[in-house]
Amino acid sequence: MKLPIKTREDLISFIQNELINTAEAMQLLNCSRQNVFDLIKRGKLTPVKELPKDRLFLKSDILARLEPSE
């Protein structure tokens with residue numbers, strides 16, 4: 001994934017539009033926090049940043065889980 005981040009404003013825009021936390025991932029996936037943690041544990045989701053009480057994900061990774069697998 002090539003990121004066109006050249007300025008501080010580009011970085012802020014990327015973070016605001018492309019990163020989501022666990023609660024937002026739960027909403028998009030329509031699942032529980034425990035299910036999100038299980039997906040992480042099984043290697044199906046990978047957080048880009050782990051914080052003491054939350055995790056951040058790429059929105060594209062979460063949306064990819066919603067697409068039907070072939």
# chains A, B, ... in the order shown; residues from 1 in each chain; ligands from 1
call {"tool": "residues_around", "arguments": {"residues": "A:Glu67", "least_positions_apart": "6", "cutoff": "12 Å", "atoms": "only C-alpha atoms", "output": "number ranges by chain"}}
result
A: 28-29, 60-61
call {"tool": "residues_around", "arguments": {"residues": "stretch 37-46 of chain A", "least_positions_apart": "4", "cutoff": "12 Å", "atoms": "only C-alpha atoms", "output": "mmCIF file with N, CA and C atoms, in the first residue's frame"}}
result
data_model
loop_
_atom_site.group_PDB
_atom_site.id
_atom_site.type_symbol
_atom_site.label_atom_id
_atom_site.label_comp_id
_atom_site.auth_asym_id
_atom_site.auth_seq_id
_atom_site.Cartn_x
_atom_site.Cartn_y
_atom_site.Cartn_z
ATOM 1 N N ASN A 21 -10.796 2.367 15.921
ATOM 2 C CA ASN A 21 -10.500 1.674 17.176
ATOM 3 C C ASN A 21 -11.381 0.427 17.299
ATOM 4 N N THR A 22 -11.240 -0.259 18.415
ATOM 5 C CA THR A 22 -11.963 -1.514 18.623
ATOM 6 C C THR A 22 -13.479 -1.309 18.577
ATOM 7 N N ALA A 23 -13.977 -0.246 19.198
ATOM 8 C CA ALA A 23 -15.425 -0.001 19.214
ATOM 9 C C ALA A 23 -15.963 0.215 17.805
ATOM 10 N N ALA A 25 -14.570 -0.924 15.039
ATOM 11 C CA ALA A 25 -14.466 -2.225 14.366
ATOM 12 C C ALA A 25 -15.655 -3.103 14.744
ATOM 13 N N MET A 26 -16.038 -3.084 16.025
ATOM 14 C CA MET A 26 -17.193 -3.854 16.484
ATOM 15 C C MET A 26 -18.448 -3.424 15.736
ATOM 16 N N LEU A 29 -18.253 -4.600 12.021
ATOM 17 C CA LEU A 29 -18.360 -6.054 11.903
ATOM 18 C C LEU A 29 -19.642 -6.597 12.524
ATOM 19 N N CYS A 31 -20.286 -7.159 15.710
ATOM 20 C CA CYS A 31 -19.912 -8.253 16.610
ATOM 21 C C CYS A 31 -19.493 -7.685 17.964
ATOM 22 N N SER A 32 -19.217 -8.571 18.886
ATOM 23 C CA SER A 32 -18.834 -8.176 20.241
ATOM 24 C C SER A 32 -17.326 -7.923 20.334
ATOM 25 N N ARG A 33 -16.940 -7.273 21.412
ATOM 26 C CA ARG A 33 -15.517 -7.042 21.699
ATOM 27 C C ARG A 33 -14.781 -8.375 21.802
ATOM 28 N N GLU A 50 -1.300 -1.206 19.427
ATOM 29 C CA GLU A 50 -1.952 -1.700 20.645
ATOM 30 C C GLU A 50 -1.671 -0.725 21.771
ATOM 31 N N ASP A 54 -6.995 -0.220 24.373
ATOM 32 C CA ASP A 54 -7.643 -0.210 23.054
ATOM 33 C C ASP A 54 -6.641 -0.648 21.997
ATOM 34 N N ARG A 55 -7.141 -0.867 20.803
ATOM 35 C CA ARG A 55 -6.321 -1.216 19.648
ATOM 36 C C ARG A 55 -6.800 -0.396 18.464
ATOM 37 N N LEU A 56 -5.872 -0.110 17.549
ATOM 38 C CA LEU A 56 -6.216 0.606 16.322
ATOM 39 C C LEU A 56 -6.027 -0.334 15.140
ATOM 40 N N PHE A 57 -6.947 -0.222 14.176
ATOM 41 C CA PHE A 57 -6.931 -1.067 12.982
ATOM 42 C C PHE A 57 -7.014 -0.196 11.744
ATOM 43 N N LEU A 58 -6.511 -0.721 10.635
ATOM 44 C CA LEU A 58 -6.760 -0.078 9.354
ATOM 45 C C LEU A 58 -8.209 -0.372 8.970
ATOM 46 N N LYS A 59 -8.929 0.662 8.591
ATOM 47 C CA LYS A 59 -10.330 0.492 8.213
ATOM 48 C C LYS A 59 -10.447 -0.496 7.050
ATOM 49 N N SER A 60 -9.486 -0.472 6.133
ATOM 50 C CA SER A 60 -9.529 -1.372 4.974
ATOM 51 C C SER A 60 -9.453 -2.834 5.402
ATOM 52 N N ASP A 61 -8.709 -3.135 6.470
ATOM 53 C CA ASP A 61 -8.630 -4.512 6.972
ATOM 54 C C ASP A 61 -9.983 -4.968 7.513
ATOM 55 N N ILE A 62 -10.674 -4.076 8.198
ATOM 56 C CA ILE A 62 -11.989 -4.414 8.754
ATOM 57 C C ILE A 62 -13.007 -4.580 7.627
ATOM 58 N N LEU A 63 -13.001 -3.663 6.673
ATOM 59 C CA LEU A 63 -13.950 -3.741 5.564
ATOM 60 C C LEU A 63 -13.699 -4.987 4.714
ATOM 61 N N ALA A 64 -12.455 -5.425 4.614
ATOM 62 C CA ALA A 64 -12.134 -6.641 3.848
ATOM 63 C C ALA A 64 -12.798 -7.856 4.473
ATOM 64 N N ARG A 65 -12.981 -7.856 5.790
ATOM 65 C CA ARG A 65 -13.640 -8.984 6.459
ATOM 66 C C ARG A 65 -15.128 -9.051 6.107
#
call {"tool": "select_by_dssp", "arguments": {"residues": "chain A", "states": "strand (DSSP E)", "output": "PyMOL selection string"}}
result
chain A and resi 19-21+49-50+55-58
call {"tool": "select_by_dssp", "arguments": {"residues": "chain A", "states": "alpha helix (DSSP H)", "output": "JSON, numbers by chain"}}
result
{"A": [8, 9, 10, 11, 12, 13, 14, 15, 16, 17, 18, 22, 23, 24, 25, 26, 27, 28, 29, 33, 34, 35, 36, 37, 38, 39, 40, 41, 59, 60, 61, 62, 63, 64, 65, 66]}
call {"tool": "closest_residue", "arguments": {"among": "A:Leu19, A:Asn35, A:Pro4, A:Asp10", "to": "A:Pro47", "atoms": "only C-alpha atoms"}}
result
A:Leu19
call {"tool": "atom_distance", "arguments": {"atom1": "atom CA of A:Glu24", "atom2": "atom CA of A:Lys53"}}
result
14.2 Å
